[in-house]
file protein-v8.cif (mmCIF, C-alpha atoms and all ligand atoms; chains and numbers go by the auth columns)
data_protein
loop_
_atom_site.group_PDB
_atom_site.id
_atom_site.type_symbol
_atom_site.label_atom_id
_atom_site.label_comp_id
_atom_site.label_asym_id
_atom_site.label_seq_id
_atom_site.Cartn_x
_atom_site.Cartn_y
_atom_site.Cartn_z
_atom_site.B_iso_or_equiv
_atom_site.auth_seq_id
_atom_site.auth_asym_id
ATOM 1 C CA MET A 1 17.511 -40.949 18.956 0.00 1 G
ATOM 2 C CA PRO A 2 15.955 -37.454 18.901 0.00 2 G
ATOM 3 C CA ASP A 3 13.089 -37.006 16.510 0.00 3 G
ATOM 4 C CA SER A 4 14.680 -34.297 14.398 0.00 4 G
ATOM 5 C CA LEU A 5 17.720 -36.388 13.645 0.00 5 G
ATOM 6 C CA GLY A 6 15.510 -39.230 12.553 0.00 6 G
ATOM 7 C CA LYS A 7 13.663 -36.998 10.129 0.00 7 G
ATOM 8 C CA HIS A 8 16.867 -35.546 8.803 0.00 8 G
ATOM 9 C CA SER A 9 18.448 -38.828 7.876 0.00 9 G
ATOM 10 C CA ASN A 10 15.142 -39.923 6.417 0.00 10 G
ATOM 11 C CA LYS A 11 15.152 -37.012 4.003 0.00 11 G
ATOM 12 C CA ILE A 12 18.631 -37.785 2.754 0.00 12 G
ATOM 13 C CA ASN A 13 17.699 -41.400 2.168 0.00 13 G
ATOM 14 C CA LEU A 14 14.612 -40.419 0.205 0.00 14 G
ATOM 15 C CA SER A 15 16.454 -38.124 -2.147 0.00 15 G
ATOM 16 C CA LYS A 16 19.352 -40.498 -2.619 0.00 16 G
ATOM 17 C CA GLY A 17 20.730 -40.447 -6.125 0.00 17 G
ATOM 18 C CA GLU A 18 22.325 -37.218 -7.326 0.00 18 G
ATOM 19 C CA LEU A 19 23.764 -34.799 -4.850 0.00 19 G
ATOM 20 C CA PRO A 20 21.038 -34.976 -2.237 0.00 20 G
ATOM 21 C CA MET A 21 22.778 -32.476 0.060 0.00 21 G
ATOM 22 C CA LYS A 22 23.063 -29.837 -2.628 0.00 22 G
ATOM 23 C CA LYS A 23 19.422 -30.145 -3.570 0.00 23 G
ATOM 24 C CA THR A 24 18.344 -29.842 0.023 0.00 24 G
ATOM 25 C CA LEU A 25 20.527 -26.779 0.469 0.00 25 G
ATOM 26 C CA ILE A 26 19.178 -25.080 -2.640 0.00 26 G
ATOM 27 C CA SER A 27 15.592 -25.674 -1.658 0.00 27 G
ATOM 28 C CA SER A 28 16.173 -24.366 1.851 0.00 28 G
ATOM 29 C CA ILE A 29 17.692 -21.217 0.406 0.00 29 G
ATOM 30 C CA ALA A 30 14.662 -20.835 -1.856 0.00 30 G
ATOM 31 C CA VAL A 31 12.310 -21.271 1.095 0.00 31 G
ATOM 32 C CA ALA A 32 14.252 -18.715 3.121 0.00 32 G
ATOM 33 C CA ALA A 33 14.243 -16.233 0.244 0.00 33 G
ATOM 34 C CA VAL A 34 10.492 -16.528 -0.171 0.00 34 G
ATOM 35 C CA ALA A 35 10.042 -16.019 3.559 0.00 35 G
ATOM 36 C CA ILE A 36 12.213 -12.881 3.550 0.00 36 G
ATOM 37 C CA MET A 37 10.452 -11.434 0.524 0.00 37 G
ATOM 38 C CA GLY A 38 7.143 -12.123 2.190 0.00 38 G
ATOM 39 C CA MET A 39 8.219 -10.221 5.292 0.00 39 G
ATOM 40 C CA ALA A 40 9.335 -7.192 3.305 0.00 40 G
ATOM 41 C CA SER A 41 5.929 -6.726 1.724 0.00 41 G
ATOM 42 C CA ALA A 42 3.766 -7.809 4.647 0.00 42 G
ATOM 43 C CA PRO A 43 1.404 -5.035 5.704 0.00 43 G
ATOM 44 C CA ALA A 44 1.421 -6.536 9.191 0.00 44 G
ATOM 45 C CA TYR A 45 4.454 -4.346 9.881 0.00 45 G
ATOM 46 C CA ALA A 46 2.688 -1.107 8.964 0.00 46 G
ATOM 47 C CA ASP A 47 2.349 1.349 11.815 0.00 47 G
ATOM 48 C CA VAL A 48 -0.680 3.631 12.202 0.00 48 G
ATOM 49 C CA ALA A 49 1.132 6.098 14.497 0.00 49 G
ATOM 50 C CA LYS A 50 3.958 6.487 12.001 0.00 50 G
ATOM 51 C CA GLY A 51 1.398 6.834 9.236 0.00 51 G
ATOM 52 C CA GLU A 52 -0.319 9.663 11.080 0.00 52 G
ATOM 53 C CA LYS A 53 2.989 11.534 11.198 0.00 53 G
ATOM 54 C CA ILE A 54 3.550 10.987 7.502 0.00 54 G
ATOM 55 C CA PHE A 55 0.044 12.338 6.889 0.00 55 G
ATOM 56 C CA LYS A 56 1.336 15.776 7.894 0.00 56 G
ATOM 57 C CA LYS A 57 2.438 16.022 4.280 0.00 57 G
ATOM 58 C CA CYS A 58 -1.194 15.716 3.209 0.00 58 G
ATOM 59 C CA LYS A 59 -2.832 17.946 5.820 0.00 59 G
ATOM 60 C CA ALA A 60 -2.449 21.184 3.914 0.00 60 G
ATOM 61 C CA CYS A 61 -4.937 19.812 1.404 0.00 61 G
ATOM 62 C CA HIS A 62 -6.964 17.069 3.110 0.00 62 G
ATOM 63 C CA THR A 63 -9.098 16.720 6.241 0.00 63 G
ATOM 64 C CA THR A 64 -9.672 13.289 7.796 0.00 64 G
ATOM 65 C CA GLU A 65 -12.601 13.584 10.212 0.00 65 G
ATOM 66 C CA SER A 66 -16.065 12.325 9.297 0.00 66 G
ATOM 67 C CA GLY A 67 -17.878 15.088 7.422 0.00 67 G
ATOM 68 C CA GLY A 68 -14.706 17.228 7.376 0.00 68 G
ATOM 69 C CA ASP A 69 -14.393 20.079 4.921 0.00 69 G
ATOM 70 C CA ASN A 70 -12.930 19.709 1.492 0.00 70 G
ATOM 71 C CA LYS A 71 -9.837 21.865 1.188 0.00 71 G
ATOM 72 C CA ILE A 72 -7.625 21.886 -1.883 0.00 72 G
ATOM 73 C CA GLY A 73 -8.315 18.135 -1.942 0.00 73 G
ATOM 74 C CA PRO A 74 -11.358 16.120 -0.859 0.00 74 G
ATOM 75 C CA ASN A 75 -12.038 14.882 2.681 0.00 75 G
ATOM 76 C CA LEU A 76 -10.385 11.474 3.198 0.00 76 G
ATOM 77 C CA PHE A 77 -12.532 9.943 5.928 0.00 77 G
ATOM 78 C CA GLY A 78 -13.224 6.303 4.978 0.00 78 G
ATOM 79 C CA ILE A 79 -11.102 6.569 1.846 0.00 79 G
ATOM 80 C CA VAL A 80 -9.769 2.997 1.936 0.00 80 G
ATOM 81 C CA GLY A 81 -12.184 0.813 -0.003 0.00 81 G
ATOM 82 C CA ARG A 82 -14.170 3.752 -1.354 0.00 82 G
ATOM 83 C CA ALA A 83 -14.912 4.401 -5.027 0.00 83 G
ATOM 84 C CA ALA A 84 -12.729 7.227 -6.379 0.00 84 G
ATOM 85 C CA GLY A 85 -14.216 10.636 -7.046 0.00 85 G
ATOM 86 C CA THR A 86 -17.223 10.326 -4.745 0.00 86 G
ATOM 87 C CA VAL A 87 -16.826 13.048 -2.083 0.00 87 G
ATOM 88 C CA ASP A 88 -19.856 15.339 -2.209 0.00 88 G
ATOM 89 C CA GLY A 89 -19.168 18.915 -3.133 0.00 89 G
ATOM 90 C CA PHE A 90 -15.593 18.390 -4.285 0.00 90 G
ATOM 91 C CA LYS A 91 -14.747 19.305 -7.842 0.00 91 G
ATOM 92 C CA TYR A 92 -12.421 16.599 -9.103 0.00 92 G
ATOM 93 C CA SER A 93 -10.291 16.852 -12.229 0.00 93 G
ATOM 94 C CA ASP A 94 -11.603 15.345 -15.454 0.00 94 G
ATOM 95 C CA ALA A 95 -8.713 12.884 -15.263 0.00 95 G
ATOM 96 C CA LEU A 96 -9.790 11.566 -11.882 0.00 96 G
ATOM 97 C CA MET A 97 -13.445 11.417 -12.916 0.00 97 G
ATOM 98 C CA GLU A 98 -12.460 9.388 -15.959 0.00 98 G
ATOM 99 C CA ALA A 99 -10.595 6.906 -13.774 0.00 99 G
ATOM 100 C CA ALA A 100 -13.612 6.813 -11.458 0.00 100 G
ATOM 101 C CA ALA A 101 -15.919 6.111 -14.397 0.00 101 G
ATOM 102 C CA GLY A 102 -13.579 3.262 -15.276 0.00 102 G
ATOM 103 C CA GLY A 103 -14.330 1.724 -11.879 0.00 103 G
ATOM 104 C CA LEU A 104 -11.355 2.889 -9.825 0.00 104 G
ATOM 105 C CA VAL A 105 -11.718 1.937 -6.164 0.00 105 G
ATOM 106 C CA TRP A 106 -9.217 3.115 -3.542 0.00 106 G
ATOM 107 C CA ASP A 107 -8.224 -0.270 -2.246 0.00 107 G
ATOM 108 C CA GLU A 108 -4.801 -0.546 -0.648 0.00 108 G
ATOM 109 C CA ALA A 109 -3.051 -1.559 -3.863 0.00 109 G
ATOM 110 C CA ASN A 110 -4.436 1.388 -5.847 0.00 110 G
ATOM 111 C CA LEU A 111 -3.702 3.834 -3.048 0.00 111 G
ATOM 112 C CA ASP A 112 -0.180 2.487 -2.873 0.00 112 G
ATOM 113 C CA ALA A 113 0.372 3.044 -6.588 0.00 113 G
ATOM 114 C CA PHE A 114 -1.271 6.496 -6.524 0.00 114 G
ATOM 115 C CA LEU A 115 0.670 7.726 -3.498 0.00 115 G
ATOM 116 C CA LYS A 116 3.956 6.480 -4.904 0.00 116 G
ATOM 117 C CA LYS A 117 3.621 8.838 -7.861 0.00 117 G
ATOM 118 C CA PRO A 118 0.198 10.450 -8.255 0.00 118 G
ATOM 119 C CA LYS A 119 0.828 11.773 -11.750 0.00 119 G
ATOM 120 C CA LYS A 120 2.029 8.446 -12.970 0.00 120 G
ATOM 121 C CA PHE A 121 -1.053 6.632 -11.691 0.00 121 G
ATOM 122 C CA ILE A 122 -3.516 9.282 -12.947 0.00 122 G
ATOM 123 C CA LYS A 123 -1.902 11.475 -15.551 0.00 123 G
ATOM 124 C CA LYS A 124 -3.311 14.992 -15.233 0.00 124 G
ATOM 125 C CA THR A 125 -4.671 14.582 -11.726 0.00 125 G
ATOM 126 C CA LYS A 126 -4.816 17.971 -10.074 0.00 126 G
ATOM 127 C CA MET A 127 -3.275 16.604 -6.895 0.00 127 G
ATOM 128 C CA SER A 128 0.037 18.464 -6.809 0.00 128 G
ATOM 129 C CA PHE A 129 2.076 16.077 -4.768 0.00 129 G
ATOM 130 C CA GLY A 130 5.276 14.382 -5.838 0.00 130 G
ATOM 131 C CA GLY A 131 4.667 11.096 -4.057 0.00 131 G
ATOM 132 C CA ILE A 132 6.157 8.988 -1.301 0.00 132 G
ATOM 133 C CA LYS A 133 9.002 6.859 -2.551 0.00 133 G
ATOM 134 C CA LYS A 134 9.586 4.516 0.360 0.00 134 G
ATOM 135 C CA ASP A 135 7.380 1.416 0.348 0.00 135 G
ATOM 136 C CA GLY A 136 7.375 1.193 4.134 0.00 136 G
ATOM 137 C CA LYS A 137 6.259 4.789 4.541 0.00 137 G
ATOM 138 C CA ARG A 138 3.387 4.293 2.123 0.00 138 G
ATOM 139 C CA ALA A 139 2.384 1.147 3.987 0.00 139 G
ATOM 140 C CA ASP A 140 2.301 3.097 7.279 0.00 140 G
ATOM 141 C CA LEU A 141 0.348 5.910 5.679 0.00 141 G
ATOM 142 C CA ILE A 142 -2.221 3.555 4.141 0.00 142 G
ATOM 143 C CA GLU A 143 -2.583 1.785 7.484 0.00 143 G
ATOM 144 C CA TYR A 144 -3.385 5.186 9.002 0.00 144 G
ATOM 145 C CA LEU A 145 -5.877 5.990 6.213 0.00 145 G
ATOM 146 C CA ALA A 146 -7.517 2.597 6.811 0.00 146 G
ATOM 147 C CA SER A 147 -8.000 3.546 10.465 0.00 147 G
ATOM 148 C CA LEU A 148 -10.160 6.544 9.470 0.00 148 G
ATOM 149 C CA LYS A 149 -13.573 4.997 9.776 0.00 149 G
HETATM 150 C C1 LIG B . -1.243 20.249 -2.668 0.00 1 I
HETATM 151 C C2 LIG B . -2.467 19.631 -2.198 0.00 1 I
HETATM 152 C C3 LIG B . -2.462 18.150 -1.955 0.00 1 I
HETATM 153 C C4 LIG B . -1.599 17.398 -1.204 0.00 1 I
HETATM 154 C C5 LIG B . -0.337 17.854 -0.481 0.00 1 I
HETATM 155 C C6 LIG B . -2.132 16.050 -1.216 0.00 1 I
HETATM 156 N N1 LIG B . -3.276 15.979 -1.954 0.00 1 I
HETATM 157 FE FE1 LIG B . -4.463 14.354 -2.245 0.00 1 I
HETATM 158 N N2 LIG B . -5.610 15.381 -3.516 0.00 1 I
HETATM 159 C C7 LIG B . -5.456 16.727 -3.806 0.00 1 I
HETATM 160 C C8 LIG B . -6.389 17.091 -4.864 0.00 1 I
HETATM 161 C C9 LIG B . -6.535 18.456 -5.506 0.00 1 I
HETATM 162 C C10 LIG B . -7.098 15.912 -5.188 0.00 1 I
HETATM 163 C C11 LIG B . -8.137 15.728 -6.290 0.00 1 I
HETATM 164 C C12 LIG B . -7.378 15.170 -7.483 0.00 1 I
HETATM 165 C C13 LIG B . -8.132 15.226 -8.811 0.00 1 I
HETATM 166 O O1 LIG B . -9.319 15.543 -8.832 0.00 1 I
HETATM 167 O O2 LIG B . -7.467 14.932 -9.815 0.00 1 I
HETATM 168 C C14 LIG B . -6.596 14.855 -4.306 0.00 1 I
HETATM 169 C C15 LIG B . -7.071 13.559 -4.303 0.00 1 I
HETATM 170 C C16 LIG B . -6.656 12.585 -3.423 0.00 1 I
HETATM 171 C C17 LIG B . -7.218 11.278 -3.335 0.00 1 I
HETATM 172 C C18 LIG B . -8.388 10.718 -4.145 0.00 1 I
HETATM 173 C C19 LIG B . -9.653 11.047 -3.357 0.00 1 I
HETATM 174 C C20 LIG B . -10.958 10.617 -3.974 0.00 1 I
HETATM 175 O O3 LIG B . -12.003 10.922 -3.380 0.00 1 I
HETATM 176 O O4 LIG B . -10.978 9.981 -5.054 0.00 1 I
HETATM 177 C C21 LIG B . -6.536 10.629 -2.358 0.00 1 I
HETATM 178 C C22 LIG B . -6.733 9.212 -1.895 0.00 1 I
HETATM 179 C C23 LIG B . -5.538 11.537 -1.854 0.00 1 I
HETATM 180 N N3 LIG B . -5.640 12.720 -2.521 0.00 1 I
HETATM 181 C C24 LIG B . -4.645 11.241 -0.838 0.00 1 I
HETATM 182 C C25 LIG B . -3.609 12.080 -0.446 0.00 1 I
HETATM 183 C C26 LIG B . -2.616 11.730 0.534 0.00 1 I
HETATM 184 C C27 LIG B . -2.615 10.455 1.352 0.00 1 I
HETATM 185 C C28 LIG B . -1.723 12.764 0.590 0.00 1 I
HETATM 186 C C29 LIG B . -0.448 12.869 1.398 0.00 1 I
HETATM 187 C C30 LIG B . 0.560 11.871 1.120 0.00 1 I
HETATM 188 C C31 LIG B . -2.179 13.770 -0.336 0.00 1 I
HETATM 189 N N4 LIG B . -3.314 13.318 -0.940 0.00 1 I
HETATM 190 C C32 LIG B . -1.557 14.986 -0.547 0.00 1 I
HETATM 191 C C33 LIG B . -4.576 17.592 -3.244 0.00 1 I
HETATM 192 C C34 LIG B . -3.515 17.233 -2.442 0.00 1 I
#

call {"tool": "encode", "arguments": {"input": "protein-v8.cif", "output": "structure tokens"}}
result
Amino acid sequence: MPDSLGKHSNKINLSKGELPMKKTLISSIAVAAVAIMGMASAPAYADVAKGEKIFKKCKACHTTESGGDNKIGPNLFGIVGRAAGTVDGFKYSDALMEAAAGGLVWDEANLDAFLKKPKKFIKKTKMSFGGIKKDGKRADLIEYLASLK
């Protein structure tokens, strides 16, 4: 008898009692649902090249090369993992400096929340940008930002 069949009938015997088939079915659906949810949020699918294209929206205000100029916004080289409000020579808003004093670090989760809706994450930030609604696009963009090092 093939191994898989053996295991299968074993399982049913173990959970004998009330509706073993139904229970097994429900738990497999739960396992599948968790797996699908996991895939949707997995950063492994983020795409640096796509992120670079999305960054065109940011280029009017931000440079990305090491030591690049500050424009309307601060240089973003090495931004992922960096403490907020720390680019030399850039005059941040009071709102951003307050968040920085509170210990804000631009890890991927904080960047994700900020880029979704900047003025929701830091009320009164002077970054005039509406945000990027699509989760996948933000993931690509953050993957690109993480590559700037
Ligand atoms: C219209 C100009 C403008 C655009 C477009 C813009 N930003 Fe900004 N950005 C700013 C300004 C100004 C600040 C400083 C905010 C403050 O001090 O409140 C800033 C701050 C930031 C910071 C915090 C930097 C730090 O050192 O703490 C990040 C991260 C950032 N922007 C990322 C982006 C990304 C990514 C995009 C594109 C999706 C983008 N910005 C689009 C102007 C802009």

call {"tool": "closest_atom_pairs", "arguments": {"input": "protein-v8.cif", "of": "chain G", "to": "ligand LIG 1 (chain I)", "cutoff": "6 Å", "atoms": "all atoms listed in the file", "output": "CSV"}}
result
residue,atom,partner,partner_atom,distance
G:Phe55,CA,I:LIG1,C29,5.5
G:Lys57,CA,I:LIG1,C29,5.2
G:Cys58,CA,I:LIG1,C29,3.5
G:Ala60,CA,I:LIG1,C5,5.9
G:Cys61,CA,I:LIG1,C2,4.4
G:Ile72,CA,I:LIG1,C9,5.1
G:Gly73,CA,I:LIG1,C8,3.7
G:Pro74,CA,I:LIG1,O3,5.8
G:Ala84,CA,I:LIG1,O4,3.5
G:Gly85,CA,I:LIG1,O4,3.9
G:Thr86,CA,I:LIG1,O3,5.4
G:Val87,CA,I:LIG1,O3,5.4
G:Tyr92,CA,I:LIG1,O1,3.3
G:Ser93,CA,I:LIG1,O1,3.8
G:Ala95,CA,I:LIG1,O2,6.0
G:Leu96,CA,I:LIG1,O2,4.6
G:Thr125,CA,I:LIG1,O2,3.4
G:Lys126,CA,I:LIG1,O2,4.0
G:Met127,CA,I:LIG1,C8,3.7
G:Ser128,CA,I:LIG1,C1,4.7
G:Phe129,CA,I:LIG1,C5,5.2

call {"tool": "resolve_selection", "arguments": {"input": "protein-v8.cif", "expression": "the PyMOL selection byres (((chain G and resi 46) around 9) and not hetatm)", "output": "NGL selection string"}}
result
:G and (42-45 or 47-48 or 50-51 or 136-144)

call {"tool": "atom_distance", "arguments": {"input": "protein-v8.cif", "atom1": "CA of Lys116 (chain G)", "atom2": "CA of Lys134 (chain G)"}}
result
8.0 Å

call {"tool": "atom_distance", "arguments": {"input": "protein-v8.cif", "atom1": "CA of Gly78 (chain G)", "atom2": "CA of Ala49 (chain G)"}}
result
17.2 Å

call {"tool": "closest_residue", "arguments": {"input": "protein-v8.cif", "among": "G:Leu76, G:Met97, G:Val105, G:Ala113", "to": "Ile132 (chain G)", "atoms": "all atoms listed in the file"}}
result
G:Ala113

call {"tool": "closest_residue", "arguments": {"input": "protein-v8.cif", "among": "G:Lys56, G:Gly89, G:Ala101, G:Arg82", "to": "Asn70 (chain G)", "atoms": "all atoms listed in the file"}}
result
G:Gly89

call {"tool": "residues_around", "arguments": {"input": "protein-v8.cif", "residues": "region 145-148 of chain G", "least_positions_apart": "6", "cutoff": "7 Å", "atoms": "all atoms listed in the file", "output": "JSON, numbers by chain"}}
result
{"G": [64, 77, 78, 79, 80]}

call {"tool": "write_last_selection", "arguments": {"input": "protein-v8.cif", "atoms": "C-alpha atoms", "output": "PDB file, in the coordinates of the input"}}
result
ATOM      1  CA  THR G  64      -9.672  13.289   7.796  1.00  0.00           C
ATOM      2  CA  PHE G  77     -12.532   9.943   5.928  1.00  0.00           C
ATOM      3  CA  GLY G  78     -13.224   6.303   4.978  1.00  0.00           C
ATOM      4  CA  ILE G  79     -11.102   6.569   1.846  1.00  0.00           C
ATOM      5  CA  VAL G  80      -9.769   2.997   1.936  1.00  0.00           C
TER       6      VAL G  80
END

call {"tool": "atom_distance", "arguments": {"input": "protein-v8.cif", "atom1": "CA of His62 (chain G)", "atom2": "CA of Lys133 (chain G)"}}
result
19.8 Å

call {"tool": "axis_aligned_box", "arguments": {"input": "protein-v8.cif", "around": "region 71-86 of chain G", "padding_each_side": "8 Å", "output": "JSON"}}
result
{"center_x": -12.4, "center_y": 11.3, "center_z": -0.6, "size_x": 25.6, "size_y": 37.1, "size_z": 29.0}

call {"tool": "build_atoms", "arguments": {"input": "protein-v8.cif", "residues": "region 120-141 of chain G", "atoms": "N, CA and C atoms", "output": "PDB file, keeping the file's coordinate frame"}}
result
ATOM      1  N   LYS G 120       1.786   9.611 -12.128  1.00  0.00           N
ATOM      2  CA  LYS G 120       2.029   8.446 -12.970  1.00  0.00           C
ATOM      3  C   LYS G 120       0.774   7.565 -12.961  1.00  0.00           C
ATOM      4  N   PHE G 121       0.134   7.489 -11.811  1.00  0.00           N
ATOM      5  CA  PHE G 121      -1.053   6.632 -11.691  1.00  0.00           C
ATOM      6  C   PHE G 121      -2.246   7.263 -12.407  1.00  0.00           C
ATOM      7  N   ILE G 122      -2.451   8.560 -12.218  1.00  0.00           N
ATOM      8  CA  ILE G 122      -3.516   9.282 -12.947  1.00  0.00           C
ATOM      9  C   ILE G 122      -2.869  10.502 -13.596  1.00  0.00           C
ATOM     10  N   LYS G 123      -2.507  10.338 -14.857  1.00  0.00           N
ATOM     11  CA  LYS G 123      -1.902  11.475 -15.551  1.00  0.00           C
ATOM     12  C   LYS G 123      -2.907  12.612 -15.500  1.00  0.00           C
ATOM     13  N   LYS G 124      -2.449  13.809 -15.270  1.00  0.00           N
ATOM     14  CA  LYS G 124      -3.311  14.992 -15.233  1.00  0.00           C
ATOM     15  C   LYS G 124      -4.213  15.074 -14.016  1.00  0.00           C
ATOM     16  N   THR G 125      -3.942  14.321 -12.969  1.00  0.00           N
ATOM     17  CA  THR G 125      -4.671  14.582 -11.726  1.00  0.00           C
ATOM     18  C   THR G 125      -4.279  15.976 -11.267  1.00  0.00           C
ATOM     19  N   LYS G 126      -5.191  16.641 -10.563  1.00  0.00           N
ATOM     20  CA  LYS G 126      -4.816  17.971 -10.074  1.00  0.00           C
ATOM     21  C   LYS G 126      -4.236  17.909  -8.663  1.00  0.00           C
ATOM     22  N   MET G 127      -3.961  16.708  -8.181  1.00  0.00           N
ATOM     23  CA  MET G 127      -3.275  16.604  -6.895  1.00  0.00           C
ATOM     24  C   MET G 127      -1.791  16.895  -7.111  1.00  0.00           C
ATOM     25  N   SER G 128      -1.359  18.064  -6.610  1.00  0.00           N
ATOM     26  CA  SER G 128       0.037  18.464  -6.809  1.00  0.00           C
ATOM     27  C   SER G 128       0.884  17.926  -5.672  1.00  0.00           C
ATOM     28  N   PHE G 129       1.275  16.719  -5.811  1.00  0.00           N
ATOM     29  CA  PHE G 129       2.076  16.077  -4.768  1.00  0.00           C
ATOM     30  C   PHE G 129       3.004  15.093  -5.457  1.00  0.00           C
ATOM     31  N   GLY G 130       4.282  15.177  -5.126  1.00  0.00           N
ATOM     32  CA  GLY G 130       5.276  14.382  -5.838  1.00  0.00           C
ATOM     33  C   GLY G 130       5.164  12.892  -5.606  1.00  0.00           C
ATOM     34  N   GLY G 131       4.761  12.517  -4.376  1.00  0.00           N
ATOM     35  CA  GLY G 131       4.667  11.096  -4.057  1.00  0.00           C
ATOM     36  C   GLY G 131       5.566  10.703  -2.908  1.00  0.00           C
ATOM     37  N   ILE G 132       5.350   9.517  -2.400  1.00  0.00           N
ATOM     38  CA  ILE G 132       6.157   8.988  -1.301  1.00  0.00           C
ATOM     39  C   ILE G 132       6.889   7.773  -1.836  1.00  0.00           C
ATOM     40  N   LYS G 133       8.219   7.892  -1.878  1.00  0.00           N
ATOM     41  CA  LYS G 133       9.002   6.859  -2.551  1.00  0.00           C
ATOM     42  C   LYS G 133       9.122   5.572  -1.748  1.00  0.00           C
ATOM     43  N   LYS G 134       9.271   5.709  -0.434  1.00  0.00           N
ATOM     44  CA  LYS G 134       9.586   4.516   0.360  1.00  0.00           C
ATOM     45  C   LYS G 134       8.356   3.635   0.593  1.00  0.00           C
ATOM     46  N   ASP G 135       8.492   2.367   0.215  1.00  0.00           N
ATOM     47  CA  ASP G 135       7.380   1.416   0.348  1.00  0.00           C
ATOM     48  C   ASP G 135       6.857   1.353   1.780  1.00  0.00           C
ATOM     49  N   GLY G 136       7.787   1.324   2.736  1.00  0.00           N
ATOM     50  CA  GLY G 136       7.375   1.193   4.134  1.00  0.00           C
ATOM     51  C   GLY G 136       6.578   2.402   4.609  1.00  0.00           C
ATOM     52  N   LYS G 137       6.977   3.573   4.145  1.00  0.00           N
ATOM     53  CA  LYS G 137       6.259   4.789   4.541  1.00  0.00           C
ATOM     54  C   LYS G 137       4.857   4.796   3.959  1.00  0.00           C
ATOM     55  N   ARG G 138       4.732   4.361   2.710  1.00  0.00           N
ATOM     56  CA  ARG G 138       3.387   4.293   2.123  1.00  0.00           C
ATOM     57  C   ARG G 138       2.535   3.273   2.857  1.00  0.00           C
ATOM     58  N   ALA G 139       3.145   2.168   3.251  1.00  0.00           N
ATOM     59  CA  ALA G 139       2.384   1.147   3.987  1.00  0.00           C
ATOM     60  C   ALA G 139       1.873   1.718   5.308  1.00  0.00           C
ATOM     61  N   ASP G 140       2.721   2.470   6.011  1.00  0.00           N
ATOM     62  CA  ASP G 140       2.301   3.097   7.279  1.00  0.00           C
ATOM     63  C   ASP G 140       1.167   4.093   7.018  1.00  0.00           C
ATOM     64  N   LEU G 141       1.346   4.888   5.996  1.00  0.00           N
ATOM     65  CA  LEU G 141       0.348   5.910   5.679  1.00  0.00           C
ATOM     66  C   LEU G 141      -1.006   5.269   5.341  1.00  0.00           C
TER      67      LEU G 141
END
